[in-house]
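What follows is one structure encoded as structure tokens, with my remarks underneath.
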Amino acid sequence: MAQHHEVVIIGGGNAGVSLAARLKRYGFRDIALIEPKEHHLYQPLFSHIAGGRAQVKESVRSQESVTPKGVAWIKDKAVDVDAASNSVTLASGSTITYGHLVVCPGLQYNWEAVPGLAEAVHSPYGSSHYEFELAPKLWTLLSSMTSGTVIFTMPSGPVKCAGASQKPMYLACDYWKEQGVLDNIRVVMVQPYPTVFGVAEIDSELDRKIAEYGIELRTNSELVAVNPADRTATIRSTTDNTSEELSYDVLNAVPPQSAPDWLKATDLPAAGDKYGFVEVDTQTLRHSRFANIWSLGDAAGTTNSKAGGALRKQTKVLAKNLRSARKGEPLSAEYNGYSVCPFTVSRNTVVFAEFDDHYQPMPTIPKVPTWKESRFSWWVDRDMFPQVYWHLILKGRA
């Protein structure tokens, strides 16, 4: 017989663990967490690792240690959801049935979408700090440069913490400036949108740092192919479709992203959604067609910029609404589209971007311009947030 739980959560990352912990605090006793990986990662530190400002060990814990006590950890991978039978199929062939299902498996990296990209980031001259195993390699490459060309890229479409694509670039530039070699290094940032980020106040601060470091910002441009043997990257303009080939000494690329392929194949995404995100009411986070299915985090079809700060708000909303649904009460909690991205613009300062799903400023403290470059914001991002994450967020208390 299939194993049954009142609440089944697919995904043991930030979303799954913090939600499970909060539901435990709300009185739920029969919760199962489906997660195949042995280790849990704090991804915001990947940029600091890639920029030589954090150690690998700071960003990893065992999955067992972060899974809330009393929550059943199912060490397996979800491969299908059948909403009609309230069941989840696992890679092992087992079936789990549920009273309520929360889908938060995170994003899938589509390396194959750019020809040559997978080979390039695993070559001696490429990397991607979006991969835990490759983040230390990037700092090795960047810190050893004294001249040459380095290219940083970001893809179009949905990306987890889109601003993270730029963070190692600023950290490296500040390091090269300290070493007296910045003038000998050509730095190119490939950005698929018209501005460096999309929030006017943030753009102004980042443009100032870009000018300070002499970075070549290629807006409305995208990486479309890489030849790792020749160390060339093909950059295409999204406005006139023209292409140019750039030679590089180091390439740091962020891959195109989407929901996992297995999720795309279910009935959970909206019709015609090529990225495969779970169709939800963007305020209540309940599925638009299946009343006992919910989603949050990167795989949810919400309109916000995907980031941990957005997820922290979503977790509270979903937990409250799931508790209300359990009692047969109206769903009163609403997610307001908030997101946040701390830009590490030097080795000891941060531009703290807080904004809504229309890319308008949304500071936590009203009328305080958190988007101004600040040493205090550095302390918040680098020192405070990791401790809050491990000791409060994952325990459902922040």
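Letters A, B, ... go to the chains of the structure tokens in the order shown; residues in each chain start at 1; ligands are counted from 1 in the same order.
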I need the residues of segment 107-278 of chain A that end up classed as alpha helix (DSSP H) by DSSP on the backbone, written out as a PyMOL selection string.
chain A and resi 117-121+135-143+167-179+200-213+261-264
Create the file for the chosen residues now, containing C-alpha atoms and written as a compact mmCIF listing (two decimals), in the first residue's frame.
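See out-v7.txt below for the written result:
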# COMPACT_ATOMS: atom_id res chain seq x y z
CA LEU A 117 28.42 25.82 -22.22
CA ALA A 118 28.58 22.64 -20.13
CA GLU A 119 32.01 21.80 -21.53
CA ALA A 120 33.20 25.38 -21.07
CA VAL A 121 32.40 25.69 -17.35
CA ALA A 135 32.22 28.17 -6.94
CA PRO A 136 35.69 27.63 -5.35
CA LYS A 137 37.17 27.05 -8.79
CA LEU A 138 35.97 30.46 -9.92
CA TRP A 139 37.90 32.23 -7.17
CA THR A 140 41.01 30.24 -8.07
CA LEU A 141 40.68 31.46 -11.65
CA LEU A 142 39.84 35.07 -10.81
CA SER A 143 42.43 35.55 -8.09
CA LYS A 167 28.27 39.55 -7.42
CA PRO A 168 31.59 37.70 -8.01
CA MET A 169 32.37 40.23 -10.74
CA TYR A 170 32.36 43.17 -8.31
CA LEU A 171 34.26 41.19 -5.68
CA ALA A 172 36.91 40.28 -8.25
CA CYS A 173 37.19 43.82 -9.62
CA ASP A 174 37.74 45.22 -6.14
CA TYR A 175 40.39 42.56 -5.52
CA TRP A 176 42.16 43.37 -8.80
CA LYS A 177 41.99 47.06 -7.89
CA GLU A 178 43.71 46.29 -4.56
CA GLN A 179 46.35 44.26 -6.42
CA ALA A 200 15.94 52.53 -11.29
CA GLU A 201 17.52 53.30 -7.91
CA ILE A 202 19.55 50.09 -7.98
CA ASP A 203 20.60 50.65 -11.58
CA SER A 204 21.99 54.05 -10.61
CA GLU A 205 24.19 52.60 -7.84
CA LEU A 206 25.35 49.65 -9.94
CA ASP A 207 26.10 51.85 -12.96
CA ARG A 208 28.32 53.96 -10.71
CA LYS A 209 30.29 50.86 -9.62
CA ILE A 210 30.47 49.58 -13.18
CA ALA A 211 32.01 52.89 -14.26
CA GLU A 212 34.39 52.84 -11.27
CA TYR A 213 35.71 49.40 -12.23
CA ASP A 261 11.44 18.37 -16.57
CA TRP A 262 9.31 15.94 -14.54
CA LEU A 263 7.25 18.85 -13.19
CA LYS A 264 6.73 20.28 -16.67
Non-local contacts of Pro105 of chain A (10 Å; only C-alpha atoms; under 4 positions in same chain excluded) as a list in words: Ile9, Ile10, Gly11, Gly12, Gly13, Asn14, Ala15, Gly16, Ile34, Glu35, Lys77, Ala78, Ala259, Pro260, Leu263, Ser295, Leu296, Gly297, Asp298, Ala299 and Ala300 of chain A
Using C-alpha atoms, can you export the residues from the last selection as a PDB file, in the first residue's frame?
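Resulting contents of selection28.pdb:
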ATOM      1  CA  ILE A   9       6.444  18.522   0.674  1.00  0.00           C
ATOM      2  CA  ILE A  10       8.479  17.965  -2.490  1.00  0.00           C
ATOM      3  CA  GLY A  11      11.915  19.541  -2.052  1.00  0.00           C
ATOM      4  CA  GLY A  12      14.181  19.827   0.971  1.00  0.00           C
ATOM      5  CA  GLY A  13      15.779  23.169   0.220  1.00  0.00           C
ATOM      6  CA  ASN A  14      15.055  26.472   1.924  1.00  0.00           C
ATOM      7  CA  ALA A  15      11.365  26.348   0.960  1.00  0.00           C
ATOM      8  CA  GLY A  16      10.677  22.780   2.031  1.00  0.00           C
ATOM      9  CA  ILE A  34      10.839  14.331  -0.140  1.00  0.00           C
ATOM     10  CA  GLU A  35      14.508  15.157  -0.797  1.00  0.00           C
ATOM     11  CA  LYS A  77      13.274  11.924  -5.764  1.00  0.00           C
ATOM     12  CA  ALA A  78       9.789  12.884  -6.937  1.00  0.00           C
ATOM     13  CA  ALA A 259      11.213  24.034 -13.506  1.00  0.00           C
ATOM     14  CA  PRO A 260      12.413  20.394 -13.497  1.00  0.00           C
ATOM     15  CA  LEU A 263       7.253  18.853 -13.188  1.00  0.00           C
ATOM     16  CA  SER A 295       3.648  25.880  -4.230  1.00  0.00           C
ATOM     17  CA  LEU A 296       6.267  28.417  -3.210  1.00  0.00           C
ATOM     18  CA  GLY A 297       9.842  29.294  -4.018  1.00  0.00           C
ATOM     19  CA  ASP A 298      11.580  29.088  -7.363  1.00  0.00           C
ATOM     20  CA  ALA A 299       9.245  26.509  -8.966  1.00  0.00           C
ATOM     21  CA  ALA A 300       6.062  28.443  -8.169  1.00  0.00           C
TER      22      ALA A 300
END
Contacts of Asn348 of chain A within 10 Å, only C-alpha atoms, excl. fewer than 3 positions in-chain, as a ChimeraX atom specification:
/A:53,171,174,344-345,373-379,382
Selected residues written out, C-alpha atoms, as a PDB file, in the first residue's frame:
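Below you can see result-v6.pdb, which holds the result:
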ATOM      1  CA  ARG A  53      35.089  36.096   0.800  1.00  0.00           C
ATOM      2  CA  LEU A 171      34.261  41.192  -5.683  1.00  0.00           C
ATOM      3  CA  ASP A 174      37.738  45.219  -6.145  1.00  0.00           C
ATOM      4  CA  THR A 344      28.231  42.730  -3.118  1.00  0.00           C
ATOM      5  CA  VAL A 345      29.699  45.709  -4.979  1.00  0.00           C
ATOM      6  CA  GLU A 373      26.177  51.262  -1.015  1.00  0.00           C
ATOM      7  CA  SER A 374      26.862  50.442   2.624  1.00  0.00           C
ATOM      8  CA  ARG A 375      29.263  48.629   4.944  1.00  0.00           C
ATOM      9  CA  PHE A 376      26.367  47.870   7.292  1.00  0.00           C
ATOM     10  CA  SER A 377      24.532  46.082   4.464  1.00  0.00           C
ATOM     11  CA  TRP A 378      27.681  44.019   3.921  1.00  0.00           C
ATOM     12  CA  TRP A 379      27.548  42.869   7.548  1.00  0.00           C
ATOM     13  CA  ARG A 382      27.705  38.307   4.804  1.00  0.00           C
TER      14      ARG A 382
END
For Trp294 of chain A, find every residue with an atom within 12 Å (counting only C-alpha atoms), except residues of its own chain fewer than 3 positions away, and show them as a CSV table (one decimal) with N, CA and C atoms, in the first residue's frame.
chain,number,residue,atom,x,y,z
A,7,VAL,N,0.5,16.1,5.1
A,7,VAL,CA,1.2,17.1,4.2
A,7,VAL,C,2.4,16.4,3.6
A,8,VAL,N,2.6,16.5,2.3
A,8,VAL,CA,3.8,16.0,1.7
A,8,VAL,C,4.4,17.2,1.0
A,9,ILE,N,5.7,17.4,1.2
A,9,ILE,CA,6.4,18.5,0.7
A,9,ILE,C,7.5,18.0,-0.3
A,10,ILE,N,7.5,18.4,-1.5
A,10,ILE,CA,8.5,18.0,-2.5
A,10,ILE,C,9.6,19.0,-2.5
A,15,ALA,N,12.8,26.3,0.9
A,15,ALA,CA,11.4,26.3,1.0
A,15,ALA,C,10.8,25.2,1.8
A,16,GLY,N,11.2,24.0,1.4
A,16,GLY,CA,10.7,22.8,2.0
A,16,GLY,C,10.9,22.7,3.5
A,19,LEU,N,9.3,25.6,5.6
A,19,LEU,CA,7.8,25.5,5.6
A,19,LEU,C,7.5,24.3,6.6
A,83,ALA,N,-2.6,14.5,-9.6
A,83,ALA,CA,-3.5,15.3,-8.8
A,83,ALA,C,-4.8,14.6,-8.6
A,99,GLY,N,-2.8,14.4,1.9
A,99,GLY,CA,-4.0,15.2,2.1
A,99,GLY,C,-3.8,16.5,1.4
A,100,HIS,N,-2.6,17.1,1.7
A,100,HIS,CA,-2.1,18.4,1.0
A,100,HIS,C,-0.7,18.1,0.4
A,101,LEU,N,-0.5,18.7,-0.7
A,101,LEU,CA,0.8,18.6,-1.3
A,101,LEU,C,1.4,20.0,-1.5
A,102,VAL,N,2.7,20.2,-1.2
A,102,VAL,CA,3.4,21.4,-1.4
A,102,VAL,C,4.6,21.1,-2.4
A,103,VAL,N,4.6,21.8,-3.5
A,103,VAL,CA,5.6,21.5,-4.5
A,103,VAL,C,6.6,22.7,-4.5
A,104,CYS,N,7.9,22.3,-4.1
A,104,CYS,CA,8.9,23.3,-4.1
A,104,CYS,C,10.3,22.7,-4.4
A,268,LEU,N,0.3,20.3,-13.3
A,268,LEU,CA,0.4,21.4,-12.4
A,268,LEU,C,0.7,22.7,-13.0
A,269,PRO,N,1.6,22.8,-14.1
A,269,PRO,CA,1.8,24.1,-14.7
A,269,PRO,C,0.6,24.6,-15.5
A,277,PHE,N,6.3,26.1,-14.5
A,277,PHE,CA,6.1,26.5,-13.1
A,277,PHE,C,4.7,26.1,-12.6
A,278,VAL,N,4.6,25.8,-11.3
A,278,VAL,CA,3.3,25.4,-10.8
A,278,VAL,C,2.3,26.6,-10.8
A,279,GLU,N,1.2,26.4,-11.4
A,279,GLU,CA,0.1,27.4,-11.5
A,279,GLU,C,-0.5,27.7,-10.1
A,280,VAL,N,-0.3,28.8,-9.6
A,280,VAL,CA,-0.8,29.2,-8.3
A,280,VAL,C,-1.5,30.5,-8.3
A,281,ASP,N,-2.4,30.8,-7.3
A,281,ASP,CA,-2.8,32.1,-7.0
A,281,ASP,C,-1.6,32.8,-6.5
A,282,THR,N,-1.2,33.9,-7.1
A,282,THR,CA,0.1,34.6,-6.7
A,282,THR,C,0.0,35.2,-5.3
A,283,GLN,N,-1.2,35.3,-4.7
A,283,GLN,CA,-1.3,35.9,-3.4
A,283,GLN,C,-1.4,34.8,-2.3
A,284,THR,N,-2.3,33.9,-2.6
A,284,THR,CA,-2.5,32.8,-1.5
A,284,THR,C,-1.5,31.6,-1.7
A,285,LEU,N,-0.9,31.5,-2.9
A,285,LEU,CA,0.0,30.4,-3.2
A,285,LEU,C,-0.7,29.0,-3.3
A,286,ARG,N,-2.0,29.0,-3.3
A,286,ARG,CA,-2.7,27.8,-3.5
A,286,ARG,C,-2.9,27.5,-5.0
A,287,HIS,N,-2.8,26.3,-5.5
A,287,HIS,CA,-3.0,26.0,-6.9
A,287,HIS,C,-4.3,26.5,-7.4
A,288,SER,N,-4.3,27.0,-8.6
A,288,SER,CA,-5.4,27.6,-9.2
A,288,SER,C,-6.5,26.6,-9.6
A,289,ARG,N,-6.2,25.3,-9.7
A,289,ARG,CA,-7.2,24.3,-10.1
A,289,ARG,C,-7.3,23.2,-9.1
A,290,PHE,N,-6.3,22.9,-8.3
A,290,PHE,CA,-6.3,21.8,-7.3
A,290,PHE,C,-6.2,22.4,-5.9
A,291,ALA,N,-7.3,22.3,-5.1
A,291,ALA,CA,-7.4,23.0,-3.8
A,291,ALA,C,-6.5,22.5,-2.8
A,297,GLY,N,8.4,29.4,-3.6
A,297,GLY,CA,9.8,29.3,-4.0
A,297,GLY,C,10.0,29.4,-5.5
A,299,ALA,N,10.1,27.3,-8.0
A,299,ALA,CA,9.2,26.5,-9.0
A,299,ALA,C,7.8,27.0,-9.0
A,300,ALA,N,7.4,27.9,-8.2
A,300,ALA,CA,6.1,28.4,-8.2
A,300,ALA,C,5.9,29.5,-9.3
A,301,GLY,N,4.7,29.5,-9.9
A,301,GLY,CA,4.4,30.4,-10.9
A,301,GLY,C,4.0,31.8,-10.4
A,302,THR,N,4.8,32.4,-9.6
A,302,THR,CA,4.5,33.7,-9.1
A,302,THR,C,5.2,34.8,-9.9
A,314,GLN,N,6.9,34.2,1.5
A,314,GLN,CA,6.0,33.2,1.0
A,314,GLN,C,5.7,32.1,2.0
A,315,THR,N,6.8,31.7,2.7
A,315,THR,CA,6.6,30.6,3.7
A,315,THR,C,5.6,30.9,4.7
A,317,VAL,N,3.1,33.1,4.5
A,317,VAL,CA,1.8,33.1,3.8
A,317,VAL,C,1.2,31.7,3.6
A,318,LEU,N,2.0,30.9,3.0
A,318,LEU,CA,1.5,29.5,2.7
A,318,LEU,C,1.2,28.7,4.0
A,319,ALA,N,2.0,28.8,5.0
A,319,ALA,CA,1.8,28.1,6.2
A,319,ALA,C,0.5,28.6,6.8
A,321,ASN,N,-2.1,30.0,5.3
A,321,ASN,CA,-3.2,29.6,4.5
A,321,ASN,C,-3.5,28.1,4.5
A,322,LEU,N,-2.5,27.3,4.6
A,322,LEU,CA,-2.7,25.9,4.7
A,322,LEU,C,-3.3,25.5,6.1
A,325,ALA,N,-7.0,26.4,5.5
A,325,ALA,CA,-7.6,25.4,4.7
A,325,ALA,C,-7.9,24.2,5.5
Strand (DSSP E) positions in segment 90-328 of chain A, given as number ranges by chain:
A: 90, 95-103, 108-109, 126-127, 148-153, 185-190, 216-218, 221-227, 232-237, 243-247, 250-253, 257-258, 293-295
Quiz item: Neighbours of Val188 of chain A within 10 Å (only C-alpha atoms; same-chain residues fewer than 5 positions away dropped), as a PyMOL selection string?
Solution: chain A and resi 149-153+169+214-218+246+248+251
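Checking A:Tyr42, A:Phe385, A:Tyr338, A:Phe28 one by one against Met362 of chain A, counting only C-alpha atoms, you find the shortest gap at A:Tyr338.
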Considering only C-alpha atoms, return as JSON, numbers by chain whatever protein or nucleic-acid residues lie within 12 Å of Glu131 of chain A, sequence-local ones (same chain, fewer than 2 positions apart) excluded. {"A": [41, 42, 43, 44, 45, 46, 47, 49, 50, 56, 108, 109, 111, 118, 121, 122, 127, 128, 129, 133, 134, 135, 136, 137, 138, 165, 252, 253, 254, 255]}
Selection export as a PDB file, in the first residue's frame, atoms kept: C-alpha atoms:
ATOM      1  CA  LEU A  41      23.209  24.219   0.885  1.00  0.00           C
ATOM      2  CA  TYR A  42      22.942  27.908   1.724  1.00  0.00           C
ATOM      3  CA  GLN A  43      23.158  29.256  -1.811  1.00  0.00           C
ATOM      4  CA  PRO A  44      23.621  33.010  -1.124  1.00  0.00           C
ATOM      5  CA  LEU A  45      27.152  32.251   0.074  1.00  0.00           C
ATOM      6  CA  PHE A  46      28.121  30.757  -3.296  1.00  0.00           C
ATOM      7  CA  SER A  47      28.848  34.276  -4.599  1.00  0.00           C
ATOM      8  CA  ILE A  49      32.914  31.724  -2.092  1.00  0.00           C
ATOM      9  CA  ALA A  50      33.422  32.572  -5.777  1.00  0.00           C
ATOM     10  CA  VAL A  56      32.939  26.306   1.375  1.00  0.00           C
ATOM     11  CA  GLN A 108      16.657  23.022 -13.071  1.00  0.00           C
ATOM     12  CA  TYR A 109      19.814  24.232 -14.811  1.00  0.00           C
ATOM     13  CA  TRP A 111      23.210  23.720 -19.568  1.00  0.00           C
ATOM     14  CA  ALA A 118      28.581  22.645 -20.125  1.00  0.00           C
ATOM     15  CA  VAL A 121      32.395  25.689 -17.351  1.00  0.00           C
ATOM     16  CA  HIS A 122      34.169  22.385 -16.664  1.00  0.00           C
ATOM     17  CA  SER A 127      33.227  28.087 -14.151  1.00  0.00           C
ATOM     18  CA  SER A 128      29.792  28.880 -12.736  1.00  0.00           C
ATOM     19  CA  HIS A 129      29.263  29.976  -9.154  1.00  0.00           C
ATOM     20  CA  GLU A 133      31.229  22.372  -6.766  1.00  0.00           C
ATOM     21  CA  LEU A 134      32.384  25.090  -9.190  1.00  0.00           C
ATOM     22  CA  ALA A 135      32.223  28.175  -6.942  1.00  0.00           C
ATOM     23  CA  PRO A 136      35.695  27.634  -5.352  1.00  0.00           C
ATOM     24  CA  LYS A 137      37.169  27.054  -8.787  1.00  0.00           C
ATOM     25  CA  LEU A 138      35.968  30.463  -9.919  1.00  0.00           C
ATOM     26  CA  SER A 165      25.179  36.639 -11.588  1.00  0.00           C
ATOM     27  CA  ASN A 252      31.749  32.626 -15.611  1.00  0.00           C
ATOM     28  CA  ALA A 253      28.315  31.708 -16.907  1.00  0.00           C
ATOM     29  CA  VAL A 254      24.876  31.398 -15.363  1.00  0.00           C
ATOM     30  CA  PRO A 255      22.838  28.700 -17.154  1.00  0.00           C
TER      31      PRO A 255
END
Between atom CA of Thr67 of chain A and atom CA of Gly163 of chain A, distance in Å (one decimal):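 Calculated distance between atom CA of Thr67 of chain A and atom CA of Gly163 of chain A is 28.6 Å.
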So, counting only C-alpha atoms, which residue among A:Pro158, A:Lys313, A:Lys75, A:Glu64 is closest to Asp273 of chain A?
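Of A:Pro158, A:Lys313, A:Lys75, A:Glu64, the one nearest Asp273 of chain A, counting only C-alpha atoms, is A:Pro158.
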Show me, as a PDB file with N, CA and C atoms, in the first residue's frame, the residues that have an atom within 12 Å of Arg323 of chain A when counting only C-alpha atoms, minus same-chain residues fewer than 6 positions from it.
ATOM      1  N   GLU A   6      -0.455  13.536   5.891  1.00  0.00           N
ATOM      2  CA  GLU A   6      -1.381  14.665   5.783  1.00  0.00           C
ATOM      3  C   GLU A   6      -0.809  15.743   4.873  1.00  0.00           C
ATOM      4  N   VAL A   7       0.483  16.073   5.060  1.00  0.00           N
ATOM      5  CA  VAL A   7       1.154  17.065   4.214  1.00  0.00           C
ATOM      6  C   VAL A   7       2.422  16.435   3.646  1.00  0.00           C
ATOM      7  N   LEU A  19       9.282  25.645   5.563  1.00  0.00           N
ATOM      8  CA  LEU A  19       7.839  25.457   5.627  1.00  0.00           C
ATOM      9  C   LEU A  19       7.472  24.320   6.569  1.00  0.00           C
ATOM     10  N   ARG A  22       7.729  25.499  10.099  1.00  0.00           N
ATOM     11  CA  ARG A  22       6.639  26.405  10.482  1.00  0.00           C
ATOM     12  C   ARG A  22       5.333  25.636  10.656  1.00  0.00           C
ATOM     13  N   LEU A  23       5.073  24.678   9.787  1.00  0.00           N
ATOM     14  CA  LEU A  23       3.854  23.877   9.937  1.00  0.00           C
ATOM     15  C   LEU A  23       3.872  23.082  11.244  1.00  0.00           C
ATOM     16  N   LYS A  24       5.046  22.595  11.615  1.00  0.00           N
ATOM     17  CA  LYS A  24       5.165  21.907  12.909  1.00  0.00           C
ATOM     18  C   LYS A  24       4.768  22.851  14.037  1.00  0.00           C
ATOM     19  N   ARG A  25       5.211  24.080  13.970  1.00  0.00           N
ATOM     20  CA  ARG A  25       4.873  25.062  14.992  1.00  0.00           C
ATOM     21  C   ARG A  25       3.374  25.373  14.984  1.00  0.00           C
ATOM     22  N   TYR A  26       2.719  25.196  13.831  1.00  0.00           N
ATOM     23  CA  TYR A  26       1.290  25.465  13.720  1.00  0.00           C
ATOM     24  C   TYR A  26       0.430  24.250  14.086  1.00  0.00           C
ATOM     25  N   GLY A  27       1.073  23.189  14.529  1.00  0.00           N
ATOM     26  CA  GLY A  27       0.312  22.044  15.018  1.00  0.00           C
ATOM     27  C   GLY A  27       0.162  20.879  14.067  1.00  0.00           C
ATOM     28  N   PHE A  28       0.771  20.941  12.898  1.00  0.00           N
ATOM     29  CA  PHE A  28       0.727  19.801  11.972  1.00  0.00           C
ATOM     30  C   PHE A  28       1.686  18.725  12.496  1.00  0.00           C
ATOM     31  N   HIS A 100      -2.572  17.127   1.655  1.00  0.00           N
ATOM     32  CA  HIS A 100      -2.142  18.356   0.984  1.00  0.00           C
ATOM     33  C   HIS A 100      -0.739  18.137   0.439  1.00  0.00           C
ATOM     34  N   ASN A 292      -5.983  21.255  -2.929  1.00  0.00           N
ATOM     35  CA  ASN A 292      -5.086  20.699  -1.907  1.00  0.00           C
ATOM     36  C   ASN A 292      -3.624  20.653  -2.364  1.00  0.00           C
ATOM     37  N   LYS A 316       5.616  32.154   5.215  1.00  0.00           N
ATOM     38  CA  LYS A 316       4.646  32.562   6.233  1.00  0.00           C
ATOM     39  C   LYS A 316       3.234  32.557   5.675  1.00  0.00           C
ATOM     40  N   VAL A 317       3.081  33.071   4.454  1.00  0.00           N
ATOM     41  CA  VAL A 317       1.755  33.126   3.829  1.00  0.00           C
ATOM     42  C   VAL A 317       1.200  31.729   3.600  1.00  0.00           C
ATOM     43  N   GLU A 329     -11.451  27.318   6.818  1.00  0.00           N
ATOM     44  CA  GLU A 329     -11.643  28.757   6.907  1.00  0.00           C
ATOM     45  C   GLU A 329     -11.140  29.441   5.635  1.00  0.00           C
ATOM     46  N   PRO A 330     -11.575  30.682   5.368  1.00  0.00           N
ATOM     47  CA  PRO A 330     -11.076  31.414   4.192  1.00  0.00           C
ATOM     48  C   PRO A 330      -9.573  31.658   4.307  1.00  0.00           C
ATOM     49  N   LEU A 331      -8.924  31.780   3.164  1.00  0.00           N
ATOM     50  CA  LEU A 331      -7.486  32.060   3.137  1.00  0.00           C
ATOM     51  C   LEU A 331      -7.287  33.564   3.260  1.00  0.00           C
ATOM     52  N   SER A 332      -6.711  33.987   4.367  1.00  0.00           N
ATOM     53  CA  SER A 332      -6.612  35.421   4.633  1.00  0.00           C
ATOM     54  C   SER A 332      -5.220  36.000   4.396  1.00  0.00           C
ATOM     55  N   ALA A 333      -4.191  35.150   4.399  1.00  0.00           N
ATOM     56  CA  ALA A 333      -2.821  35.649   4.215  1.00  0.00           C
ATOM     57  C   ALA A 333      -2.526  35.861   2.734  1.00  0.00           C
TER      58      ALA A 333
END
message: Between atom CA of Thr266 of chain A and atom CA of Gly106 of chain A, what is the distance in Å, rounded to a tenth?
response: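 Taking atom CA of Thr266 of chain A as the start and atom CA of Gly106 of chain A as the end point, the length is 15.6 Å.
Atom CA of Phe132 of chain A is found 21.4 Å from atom CA of Val340 of chain A.
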With only C-alpha atoms as the atoms that count, which of A:Ser156, A:Asn227, A:Gln3, A:Gln63 lies nearest to Lys37 of chain A?
->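 The answer is A:Gln63, which sits nearest to Lys37 of chain A.
Distance annotation: of A:Pro256, A:Gly198, A:Gly93, A:Gly126, the residue with the minimal separation from Pro155 of chain A is A:Pro256; atom set is only C-alpha atoms.
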